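Colleague: Contents of final31.csv (CSV, C-alpha atoms and all ligand atoms) are below:
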chain,number,residue,atom,x,y,z
A,1,MET,CA,97.9,127.3,90.2
A,2,HIS,CA,94.9,129.2,91.6
A,3,ILE,CA,92.5,127.3,93.8
A,4,LYS,CA,89.5,128.7,92.0
A,5,ASP,CA,90.8,127.1,88.8
A,6,LYS,CA,91.2,123.7,90.4
A,7,LEU,CA,87.7,124.0,91.9
A,8,ALA,CA,86.3,125.1,88.5
A,9,GLU,CA,88.0,122.1,86.9
A,10,ALA,CA,86.4,119.7,89.5
A,11,GLN,CA,83.0,121.2,88.8
A,12,ARG,CA,83.4,121.0,85.1
A,13,THR,CA,84.6,117.3,85.1
A,14,GLY,CA,82.4,116.2,88.0
A,15,LYS,CA,85.5,114.6,89.6
A,16,PRO,CA,85.5,115.5,93.3
A,17,VAL,CA,88.7,117.0,94.8
A,18,PHE,CA,89.8,117.4,98.4
A,19,SER,CA,92.2,119.5,100.4
A,20,PHE,CA,93.9,119.3,103.8
A,21,GLU,CA,94.3,121.9,106.5
A,22,PHE,CA,97.4,121.9,108.8
A,23,PHE,CA,98.3,124.2,111.6
A,24,PRO,CA,101.7,125.3,113.0
A,25,PRO,CA,102.7,122.8,115.8
A,26,LYS,CA,103.9,124.1,119.1
A,27,THR,CA,107.2,122.3,119.3
A,28,ALA,CA,110.2,121.6,117.0
A,29,GLN,CA,109.5,117.9,117.2
A,30,GLY,CA,105.9,118.6,116.3
A,31,VAL,CA,107.0,120.5,113.2
A,32,GLN,CA,109.3,117.6,112.2
A,33,ASN,CA,106.5,115.1,112.7
A,34,LEU,CA,104.1,117.2,110.7
A,35,TYR,CA,106.5,117.5,107.7
A,36,ASP,CA,106.8,113.8,107.7
A,37,ARG,CA,103.0,113.4,107.8
A,38,MET,CA,102.5,116.1,105.1
A,39,ASP,CA,104.8,114.0,102.9
A,40,ARG,CA,102.7,110.9,103.4
A,41,MET,CA,99.5,112.8,102.9
A,42,HIS,CA,100.8,114.2,99.7
A,43,ASP,CA,100.4,110.6,98.3
A,44,LEU,CA,96.7,110.8,99.0
A,45,GLY,CA,96.5,113.4,96.2
A,46,PRO,CA,95.1,116.6,97.7
A,47,ALA,CA,94.2,119.4,95.2
A,48,PHE,CA,95.8,121.8,97.7
A,49,VAL,CA,96.8,122.2,101.4
A,50,ASP,CA,96.1,125.1,103.7
A,51,VAL,CA,98.3,126.3,106.5
A,52,THR,CA,96.5,128.2,109.3
A,53,TRP,CA,97.7,131.6,110.5
A,54,GLY,CA,99.1,131.2,114.0
A,55,ALA,CA,98.5,134.7,115.2
A,56,GLY,CA,101.4,136.6,116.8
A,57,GLY,CA,105.2,136.1,117.0
A,58,SER,CA,106.8,132.7,116.3
A,59,ARG,CA,103.6,131.0,115.3
A,60,SER,CA,103.1,133.3,112.4
A,61,GLN,CA,106.7,132.9,111.4
A,62,LEU,CA,106.1,129.2,111.4
A,63,THR,CA,103.1,129.6,109.2
A,64,CYS,CA,105.3,131.3,106.6
A,65,GLU,CA,107.9,128.6,106.9
A,66,MET,CA,105.4,125.8,106.5
A,67,VAL,CA,103.9,127.5,103.4
A,68,ASN,CA,107.4,127.7,102.0
A,69,VAL,CA,108.1,124.0,102.7
A,70,ALA,CA,104.7,122.8,101.4
A,71,GLN,CA,104.8,124.9,98.3
A,72,SER,CA,108.4,125.1,97.1
A,73,VAL,CA,109.9,121.9,98.7
A,74,TYR,CA,107.0,119.4,98.6
A,75,GLY,CA,105.4,120.9,95.5
A,76,LEU,CA,101.9,121.0,97.1
A,77,GLU,CA,99.6,123.7,95.9
A,78,THR,CA,99.4,125.8,99.1
A,79,CYS,CA,97.0,128.3,100.5
A,80,MET,CA,98.3,130.5,103.3
A,81,HIS,CA,95.7,131.7,105.9
A,82,LEU,CA,96.3,135.3,106.9
A,83,THR,CA,94.4,137.1,109.7
A,84,CYS,CA,94.0,140.7,110.9
A,85,THR,CA,94.5,139.9,114.6
A,86,ASP,CA,97.3,141.9,116.1
A,87,MET,CA,98.6,142.7,112.6
A,88,GLU,CA,99.6,146.2,111.6
A,89,ILE,CA,99.9,146.7,107.8
A,90,SER,CA,103.7,146.2,107.8
A,91,LYS,CA,103.3,142.6,109.2
A,92,VAL,CA,100.6,141.9,106.6
A,93,ASP,CA,103.0,143.1,103.9
A,94,ASN,CA,105.8,140.9,105.2
A,95,ALA,CA,103.6,137.8,105.3
A,96,LEU,CA,102.4,138.4,101.7
A,97,LYS,CA,106.0,138.9,100.6
A,98,GLU,CA,107.0,135.6,102.2
A,99,ALA,CA,104.1,133.8,100.5
A,100,TYR,CA,105.0,135.5,97.2
A,101,LYS,CA,108.6,134.4,97.5
A,102,ALA,CA,107.6,130.9,98.3
A,103,GLY,CA,105.6,130.7,95.1
A,104,CYS,CA,102.3,130.5,97.0
A,105,THR,CA,99.5,132.1,95.0
A,106,ASN,CA,96.5,131.4,97.3
A,107,ILE,CA,95.5,133.3,100.5
A,108,LEU,CA,92.6,132.6,102.8
A,109,ALA,CA,91.9,136.2,104.1
A,110,LEU,CA,90.4,136.2,107.6
A,111,ARG,CA,89.7,138.6,110.4
A,112,GLY,CA,91.0,136.1,112.9
A,113,ASP,CA,89.9,135.1,116.4
A,114,PRO,CA,90.6,137.3,119.4
A,115,PRO,CA,93.9,136.5,121.1
A,116,ARG,CA,93.5,133.9,123.9
A,117,GLU,CA,93.8,136.4,126.7
A,118,LYS,CA,91.1,138.7,125.2
A,119,GLU,CA,87.4,138.1,125.0
A,120,LYS,CA,86.4,140.5,122.2
A,121,TRP,CA,88.2,141.1,119.0
A,122,VAL,CA,89.8,144.5,118.7
A,123,ALA,CA,91.5,145.9,115.6
A,124,LYS,CA,95.2,146.7,115.9
A,125,GLU,CA,95.9,150.4,115.4
A,126,GLY,CA,96.9,150.9,111.8
A,127,GLY,CA,95.5,147.4,111.0
A,128,PHE,CA,92.3,146.1,109.4
A,129,ARG,CA,88.9,145.7,111.0
A,130,TYR,CA,87.2,143.0,108.9
A,131,ALA,CA,88.3,140.3,106.5
A,132,LYS,CA,86.9,142.2,103.6
A,133,ASP,CA,89.4,145.0,104.3
A,134,LEU,CA,92.3,142.5,104.0
A,135,VAL,CA,90.8,141.0,100.8
A,136,LYS,CA,90.7,144.5,99.3
A,137,TYR,CA,94.2,145.3,100.4
A,138,ILE,CA,95.6,142.1,98.9
A,139,LYS,CA,93.7,142.7,95.7
A,140,ASP,CA,94.9,146.4,95.5
A,141,ARG,CA,98.5,145.4,96.2
A,142,TYR,CA,98.9,142.2,94.2
A,143,GLY,CA,96.2,142.3,91.5
A,144,ASP,CA,95.4,138.8,90.3
A,145,HIS,CA,98.6,137.2,91.7
A,146,PHE,CA,96.9,135.8,94.7
A,147,ASP,CA,93.7,133.9,94.5
A,148,ILE,CA,91.8,135.0,97.7
A,149,GLY,CA,89.4,132.7,99.6
A,150,VAL,CA,87.2,133.8,102.6
A,151,ALA,CA,85.5,132.1,105.4
A,152,GLY,CA,81.8,131.2,105.5
A,153,TYR,CA,79.6,130.1,108.4
A,154,PRO,CA,76.7,127.7,107.6
A,155,GLU,CA,75.6,127.7,111.3
A,156,GLY,CA,76.3,131.3,112.1
A,157,HIS,CA,79.1,133.2,113.8
A,158,GLU,CA,79.4,134.1,117.4
A,159,ASP,CA,79.8,137.8,116.8
A,160,GLN,CA,76.7,138.1,114.6
A,161,ASP,CA,73.3,136.9,115.5
A,162,ASP,CA,71.6,138.3,112.5
A,163,GLU,CA,71.8,135.7,109.7
A,164,ILE,CA,70.9,138.2,107.0
A,165,LEU,CA,73.7,140.6,108.1
A,166,LEU,CA,76.2,137.7,108.3
A,167,MET,CA,75.2,136.8,104.7
A,168,ASP,CA,75.6,140.5,103.6
A,169,HIS,CA,79.1,140.5,105.2
A,170,LEU,CA,80.0,137.3,103.3
A,171,LYS,CA,78.8,138.9,100.1
A,172,GLU,CA,81.0,142.0,100.8
A,173,LYS,CA,84.1,139.8,101.0
A,174,ILE,CA,83.3,138.3,97.6
A,175,ASP,CA,82.5,141.7,96.2
A,176,ALA,CA,85.9,142.9,97.5
A,177,GLY,CA,87.7,140.2,95.5
A,178,GLY,CA,87.2,136.8,97.2
A,179,THR,CA,86.9,134.0,94.7
A,180,PHE,CA,86.0,131.0,96.9
A,181,ILE,CA,84.5,130.3,100.3
A,182,VAL,CA,85.8,127.7,102.8
A,183,THR,CA,83.2,126.9,105.5
A,184,GLN,CA,83.4,126.4,109.1
A,185,MET,CA,83.1,122.7,110.1
A,186,PHE,CA,79.5,121.2,110.3
A,187,TYR,CA,77.9,117.8,110.7
A,188,ASP,CA,74.3,118.6,109.6
A,189,VAL,CA,74.3,118.4,105.8
A,190,ASP,CA,70.7,119.6,105.5
A,191,ARG,CA,71.6,122.9,107.3
A,192,PHE,CA,74.7,123.2,105.1
A,193,LEU,CA,72.8,122.7,101.8
A,194,ALA,CA,70.0,125.1,102.9
A,195,TRP,CA,72.7,127.7,103.6
A,196,VAL,CA,74.3,127.1,100.2
A,197,ASP,CA,70.9,127.9,98.6
A,198,LYS,CA,70.7,131.1,100.6
A,199,VAL,CA,74.3,132.1,99.5
A,200,ARG,CA,73.3,131.5,95.9
A,201,GLU,CA,70.0,133.5,96.3
A,202,CYS,CA,72.2,136.4,97.4
A,203,GLY,CA,73.9,136.3,94.1
A,204,VAL,CA,77.2,134.8,95.4
A,205,ASN,CA,78.3,132.3,92.8
A,206,VAL,CA,81.9,131.5,93.7
A,207,PRO,CA,82.8,127.9,94.7
A,208,ILE,CA,81.9,126.9,98.3
A,209,VAL,CA,84.4,124.4,99.9
A,210,PRO,CA,82.7,122.6,102.8
A,211,GLY,CA,84.9,122.2,105.9
A,212,ILE,CA,84.9,118.6,107.0
A,213,MET,CA,86.1,117.6,110.5
A,214,PRO,CA,87.0,113.9,110.7
A,215,ILE,CA,86.2,112.2,114.0
A,216,GLN,CA,89.3,111.1,116.0
A,217,THR,CA,87.9,110.6,119.5
A,218,HIS,CA,84.5,111.1,121.1
A,219,SER,CA,85.6,113.8,123.4
A,220,ALA,CA,87.4,115.8,120.6
A,221,PHE,CA,84.3,115.3,118.5
A,222,LEU,CA,82.0,116.9,121.1
A,223,ARG,CA,84.6,119.6,122.0
A,224,ARG,CA,85.1,120.7,118.4
A,225,ALA,CA,81.4,120.7,117.6
A,226,GLY,CA,80.9,122.9,120.7
A,227,TRP,CA,83.7,125.4,119.7
A,228,SER,CA,82.3,125.9,116.3
A,229,ASN,CA,78.6,125.8,117.2
A,230,ALA,CA,78.0,122.8,114.9
A,231,GLN,CA,74.7,121.0,115.4
A,232,ILE,CA,75.1,117.3,115.9
A,233,PRO,CA,72.3,115.3,114.2
A,234,PRO,CA,70.6,113.0,116.8
A,235,SER,CA,71.4,109.9,114.8
A,236,TRP,CA,75.2,110.7,115.1
A,237,ASN,CA,74.9,110.8,118.9
A,238,GLU,CA,73.0,107.5,118.8
A,239,ALA,CA,75.7,105.9,116.7
A,240,LEU,CA,78.7,107.2,118.6
A,241,GLU,CA,77.5,107.1,122.2
A,242,PRO,CA,77.7,103.2,122.5
A,243,VAL,CA,81.3,103.2,121.4
A,244,LYS,CA,82.5,106.4,122.9
A,245,ASN,CA,85.2,104.7,125.1
A,246,ASP,CA,86.9,102.9,122.3
A,247,ASP,CA,88.8,105.3,120.1
A,248,ALA,CA,89.3,102.8,117.3
A,249,GLN,CA,85.5,102.1,117.2
A,250,VAL,CA,84.8,105.8,117.3
A,251,ARG,CA,87.0,106.4,114.3
A,252,GLU,CA,85.3,103.5,112.5
A,253,VAL,CA,81.8,104.7,113.2
A,254,GLY,CA,82.9,108.3,112.6
A,255,LYS,CA,84.3,107.4,109.3
A,256,THR,CA,81.0,105.9,108.1
A,257,LEU,CA,79.0,108.9,109.3
A,258,VAL,CA,81.4,111.5,107.8
A,259,ALA,CA,81.8,109.6,104.6
A,260,GLU,CA,78.0,109.5,104.2
A,261,MET,CA,77.8,113.2,104.8
A,262,CYS,CA,80.5,113.8,102.1
A,263,ARG,CA,78.6,111.6,99.7
A,264,ARG,CA,75.5,113.7,100.2
A,265,ILE,CA,77.5,116.8,99.5
A,266,ILE,CA,79.0,115.4,96.3
A,267,ASP,CA,75.5,114.2,95.2
A,268,ALA,CA,74.3,117.7,95.7
A,269,GLY,CA,76.8,118.8,93.1
A,270,ILE,CA,79.6,120.2,95.3
A,271,MET,CA,82.8,118.6,94.0
A,272,GLN,CA,85.2,119.7,96.8
A,273,LEU,CA,85.8,118.7,100.4
A,274,HIS,CA,88.2,120.4,102.8
A,275,PHE,CA,89.5,118.3,105.6
A,276,TYR,CA,90.4,119.8,109.0
A,277,THR,CA,93.1,117.2,109.6
A,278,MET,CA,94.2,118.5,113.0
A,279,ASN,CA,97.6,117.5,111.7
A,280,LEU,CA,96.7,113.8,111.8
A,281,ALA,CA,96.5,111.5,108.9
A,282,GLN,CA,94.5,108.4,109.9
A,283,ALA,CA,90.9,109.6,110.3
A,284,THR,CA,91.1,111.6,107.0
A,285,ARG,CA,92.7,108.8,105.1
A,286,MET,CA,89.9,106.4,106.3
A,287,ILE,CA,87.2,108.7,105.0
A,288,LEU,CA,88.9,109.1,101.6
A,289,GLU,CA,89.3,105.4,101.4
A,290,GLU,CA,85.7,104.9,102.2
A,291,LEU,CA,84.8,107.4,99.5
A,292,ASP,CA,87.2,105.8,97.1
A,293,LEU,CA,88.9,109.1,96.3
A,294,ILE,CA,92.5,108.2,96.7
A,295,PRO,CA,94.2,107.9,93.3
A,296,LYS,CA,95.1,104.4,92.4
A,297,ASP,CA,97.6,105.1,89.6
A,298,GLY,CA,100.3,105.9,92.1
A,299,THR,CA,100.9,109.3,90.4
A,300,PRO,CA,101.5,111.3,93.6
A,301,SER,CA,104.0,108.7,94.9
A,302,ASN,CA,106.1,108.8,91.8
A,303,ARG,CA,107.7,112.1,92.8
A,304,VAL,CA,111.4,112.4,93.5
A,305,LEU,CA,112.2,113.2,97.1
A,306,PRO,CA,115.7,114.6,97.3
A,307,TRP,CA,114.4,117.4,99.5
A,308,ARG,CA,113.8,114.9,102.4
A,309,GLN,CA,117.4,114.8,103.2
A,310,SER,CA,117.7,118.6,103.2
A,311,LEU,CA,114.9,118.6,105.8
A,312,GLY,CA,116.7,116.0,107.9
A,313,LEU,CA,113.9,113.4,107.3
A,314,LYS,CA,114.7,109.7,106.8
B,401,LIG,P1,84.8,138.7,109.0
B,401,LIG,O1,84.2,138.2,107.7
B,401,LIG,O2,85.5,140.0,109.0
B,401,LIG,O3,83.6,138.7,110.1
B,401,LIG,C1,83.9,138.9,111.4
B,401,LIG,C2,82.7,139.4,112.1
B,401,LIG,O4,82.5,140.8,111.7
B,401,LIG,C3,81.4,138.7,111.7
B,401,LIG,O5,80.5,138.5,112.8
B,401,LIG,C4,80.8,139.6,110.6
B,401,LIG,O6,79.4,139.4,110.6
B,401,LIG,C5,81.2,140.9,111.2
B,401,LIG,N1,81.3,141.9,110.1
B,401,LIG,C6,82.0,141.7,108.9
B,401,LIG,N2,81.9,142.9,108.1
B,401,LIG,C7,81.2,143.7,108.9
B,401,LIG,C8,80.7,145.1,108.6
B,401,LIG,N3,80.9,145.7,107.5
B,401,LIG,N4,80.0,145.7,109.6
B,401,LIG,C9,79.7,145.1,110.8
B,401,LIG,N5,80.1,143.8,111.1
B,401,LIG,C10,80.8,143.2,110.1
B,401,LIG,N6,91.4,132.0,112.7
B,401,LIG,C11,92.7,132.2,112.9
B,401,LIG,O7,93.1,132.9,113.8
B,401,LIG,N7,93.6,131.6,112.0
B,401,LIG,C12,93.2,130.9,111.0
B,401,LIG,O8,94.1,130.4,110.2
B,401,LIG,C13,91.8,130.6,110.8
B,401,LIG,N8,91.4,129.9,109.7
B,401,LIG,C14,90.0,129.7,109.5
B,401,LIG,C15,89.6,129.0,108.4
B,401,LIG,C16,88.2,128.8,108.2
B,401,LIG,C17,87.8,128.1,107.0
B,401,LIG,C18,87.3,129.4,109.1
B,401,LIG,C19,85.8,129.3,108.8
B,401,LIG,C20,87.7,130.2,110.2
B,401,LIG,C21,89.1,130.3,110.4
B,401,LIG,N9,89.5,131.1,111.5
B,401,LIG,C22,90.9,131.3,111.7
B,401,LIG,C23,88.6,131.7,112.4
B,401,LIG,C24,88.2,133.1,112.0
B,401,LIG,O9,89.3,133.9,112.0
B,401,LIG,C25,87.1,133.6,113.0
B,401,LIG,O10,85.9,132.8,112.8
B,401,LIG,C26,86.8,135.0,113.0
B,401,LIG,O11,86.1,135.3,114.2
B,401,LIG,C27,86.0,135.6,111.8
B,401,LIG,O12,86.8,135.7,110.7
B,401,LIG,P2,86.2,136.1,109.3
B,401,LIG,O13,87.3,136.1,108.4
B,401,LIG,O14,85.0,135.3,109.0
B,401,LIG,O15,85.8,137.6,109.6
As a first step, turn the structure in this file into C-alpha cells.
Ligand code: FAD
Modeller:
Amino acid sequence: MHIKDKLAEAQRTGKPVFSFEFFPPKTAQGVQNLYDRMDRMHDLGPAFVDVTWGAGGSRSQLTCEMVNVAQSVYGLETCMHLTCTDMEISKVDNALKEAYKAGCTNILALRGDPPREKEKWVAKEGGFRYAKDLVKYIKDRYGDHFDIGVAGYPEGHEDQDDEILLMDHLKEKIDAGGTFIVTQMFYDVDRFLAWVDKVRECGVNVPIVPGIMPIQTHSAFLRRAGWSNAQIPPSWNEALEPVKNDDAQVREVGKTLVAEMCRRIIDAGIMQLHFYTMNLAQATRMILEELDLIPKDGTPSNRVLPWRQSLGLK
C-alpha cells in the first residue's frame, strides 16, 4: 500500500499513525540483531518502516536486502531510501528493480550526503544532481507504481542559507511527483509548526511526516542535534542537564519531553510521527507507551512467523 494512502487515512480518521526508520548495520551480527528487533517492533504496530540508503558498495546492497526482508518476509509496509550519491543511472535502475521485486512500493528520493571522505557533494558523471531529478526519473520509469516521498528541513539545510530558495526546492520535488515529505529531526515544535505553515503558504499540500529522534543518552542527544542543526529549547537543557550522567534517567526525562512534543504535533492536526529509531527499540517504545499509541488488541502479534526459522532466528 502506498504511504500517502496510509497518511490520508490517518488524517481522515484522526487516528495518529507512526513509522520507524532503520539503517543498514555495519556487521553481520548487527544485521541479525536488527532483524530480531524489527520483529519485536512489528508488534508495536508501525504504519510503515523506512530503510536508509547506505551509499556505496555493500551498504547499498544491504539496504536492498533489508527492504526485501522487511517487506516480503516480515510483511511490513516498507519505504526504501534512495540517494544520488555516487550513483550512475544503472545503479539507480538496479536498486529500483530490487525494490520492485521485493514488493516495496514506496521510495524516499534523496540527493544524499557527500561521501565521508568528501566535504562537498558532487554529482556522479551520468547520475543525478538533485533529489527532484531522481523523483522525476522514478515517476517517468515507473508511473504510479512507487509512492515517492522527499526530505524537508524545518530548520534549514547546510547547503542552502536562503530559506525561500530551500522552500522553492522543496516545492520543485513535490511538483516533480513527490507525494509526502519526511522532515529532518527537530526538537522545537514552534519552529516546526511555523515551517509547516510556510510550506502550506507555498501551495504544497502533501502530508508532512515529522521526524522524531528519541533520546537515548545525553551525549547522543547533543551530538545528533548538532549534526542536524536542530535547536534545543532551553527548557530541554534544563531538564536533561541534571540527569545527564544517568542513561536510564535521561531516557525517562527524554521520553516525557519528546512525548509532549509529539502531543503538540498531533494537537496541531498532524496525525503521523516518524521515529528515527537508530536501530534501537527501547526509547521509541517508551514514547509510544507514553502516548498510548501501541495497539492493545494484540493484532500485530497474531501473525504467523514461519519465516523466523528461514532467517535463522530463534
Ligand atoms: P535536495 O532536495 O536535492 O537538496 C540538496 C541541496 O540542493 C539543498 O541545499 C537544496 O536547496 C539544493 N537544491 C535543490 N534543488 C536545487 C536547484 N534546482 N538549484 C540549486 N540548488 C538546489 N542521506 C543518505 O545518504 N541516506 C539516507 O537514507 C538519507 N535519509 C534521509 C531521510 C530524511 C528524512 C532526511 C531529512 C535526510 C536524509 N538523508 C539521507 C540526508 C540527505 O540526503 C541530505 O540532507 C542531503 O544533503 C540533501 O538531500 P535532499 O534529498 O534534501 O536533496
Colleague: List all protein, DNA and RNA residues that have at least one atom no more than 8 Å from any atom of ligand LIG 401 (chain B), counting only C-alpha atoms and all ligand atoms, and write them as a VMD selection string.
Modeller: chain A and resid 23 51 to 55 81 to 83 85 108 to 114 121 129 to 133 150 to 153 157 to 161 165 to 167 169 to 170 172 to 173 181 to 185 211
Colleague: Kindly export the residues of the current selection with C-alpha atoms, as a compact mmCIF listing (two decimals), keeping the file's coordinate frame.
Modeller:
# COMPACT_ATOMS: atom_id res chain seq x y z
CA PHE A 23 98.30 124.20 111.60
CA VAL A 51 98.30 126.30 106.50
CA THR A 52 96.50 128.20 109.30
CA TRP A 53 97.70 131.60 110.50
CA GLY A 54 99.10 131.20 114.00
CA ALA A 55 98.50 134.70 115.20
CA HIS A 81 95.70 131.70 105.90
CA LEU A 82 96.30 135.30 106.90
CA THR A 83 94.40 137.10 109.70
CA THR A 85 94.50 139.90 114.60
CA LEU A 108 92.60 132.60 102.80
CA ALA A 109 91.90 136.20 104.10
CA LEU A 110 90.40 136.20 107.60
CA ARG A 111 89.70 138.60 110.40
CA GLY A 112 91.00 136.10 112.90
CA ASP A 113 89.90 135.10 116.40
CA PRO A 114 90.60 137.30 119.40
CA TRP A 121 88.20 141.10 119.00
CA ARG A 129 88.90 145.70 111.00
CA TYR A 130 87.20 143.00 108.90
CA ALA A 131 88.30 140.30 106.50
CA LYS A 132 86.90 142.20 103.60
CA ASP A 133 89.40 145.00 104.30
CA VAL A 150 87.20 133.80 102.60
CA ALA A 151 85.50 132.10 105.40
CA GLY A 152 81.80 131.20 105.50
CA TYR A 153 79.60 130.10 108.40
CA HIS A 157 79.10 133.20 113.80
CA GLU A 158 79.40 134.10 117.40
CA ASP A 159 79.80 137.80 116.80
CA GLN A 160 76.70 138.10 114.60
CA ASP A 161 73.30 136.90 115.50
CA LEU A 165 73.70 140.60 108.10
CA LEU A 166 76.20 137.70 108.30
CA MET A 167 75.20 136.80 104.70
CA HIS A 169 79.10 140.50 105.20
CA LEU A 170 80.00 137.30 103.30
CA GLU A 172 81.00 142.00 100.80
CA LYS A 173 84.10 139.80 101.00
CA ILE A 181 84.50 130.30 100.30
CA VAL A 182 85.80 127.70 102.80
CA THR A 183 83.20 126.90 105.50
CA GLN A 184 83.40 126.40 109.10
CA MET A 185 83.10 122.70 110.10
CA GLY A 211 84.90 122.20 105.90
Colleague: Can you pull out the residues contacting Pro207 (chain A)? Cut-off 9 Å, using only C-alpha atoms, and skip same-chain residues under 6 positions away; I want them as a PyMOL selection string.
Modeller: chain A and resi 4+7-8+11+179-182+270+272
Colleague: From the list A:Tyr276, A:Phe221, A:Phe192, A:Phe18, which residue is nearest Pro46 (chain A) when using only C-alpha atoms?
Modeller: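 Of all the options, A:Phe18 lies closest to Pro46 (chain A).
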Colleague: At what distance in Å, to one decimal, does CA of Thr105 (chain A) lie from CA of His145 (chain A)?
Modeller: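 Between CA of His145 (chain A) and CA of Thr105 (chain A) the gap works out to 6.1 Å.
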Colleague: Could you work out how far CA of Asp140 (chain A) lies from CA of Ala95 (chain A), giving the answer in Å with one decimal?
Modeller: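 Those two atoms sit 15.7 Å apart.
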Colleague: Take CA of Arg251 (chain A) and CA of Thr217 (chain A) and report the distance between them in Å, one decimal.
Modeller: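 For CA of Arg251 (chain A) relative to CA of Thr217 (chain A), the distance reads 6.7 Å.
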Colleague: Could you tell me which of A:Gly103, A:Pro25, A:Gly45, A:Gly149 comes closest to Ser72 (chain A) if we count only C-alpha atoms?
Modeller: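 Comparing A:Gly103, A:Pro25, A:Gly45, A:Gly149 against Ser72 (chain A), the winner is A:Gly103.
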Colleague: Please provide as a VMD selection string all residues within 9 Å of His274 (chain A), with the sequence filter that same-chain residues fewer than 3 positions apart are discarded (counting all atoms listed in the file).
Modeller: chain A and resid 17 to 21 49 182 to 183 209 to 213 277
Colleague: Calculated over only C-alpha atoms, which of the candidates A:Phe22, A:Glu77, A:Gly127, A:Val69 has the smallest distance to Met1 (chain A)?
Modeller: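 Of all the options, A:Glu77 lies closest to Met1 (chain A).
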Colleague: Which is closest to Val31 (chain A) among A:Arg59, A:Arg141, A:Arg200, A:Lys120, if we use all atoms listed in the file?
Modeller: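 For Val31 (chain A), the nearest of the candidates is A:Arg59.
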Colleague: In the coordinate frame of the file, compute which residues have an atom within 10 Å of (100.2, 142.5, 111.5) when using all atoms listed in the file, and state them as a list in words.
Modeller: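 In the file's frame, the residues around the point are Ala55, Gly56, Gly57, Ser60, Leu82, Thr83, Cys84, Thr85, Asp86, Met87, Glu88, Ile89, Ser90, Lys91, Val92, Asp93, Asn94, Ala95, Lys124, Glu125, Gly126, Gly127 and Phe128 of chain A.
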Colleague: Select, from A:Arg223, A:Lys171, A:Lys136, A:Lys101, the residue with the minimum atom-to-atom distance to Glu65 (chain A), counting only C-alpha atoms.
Modeller: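 Looking only at the distances to Glu65 (chain A), the closest residue turns out to be A:Lys101.
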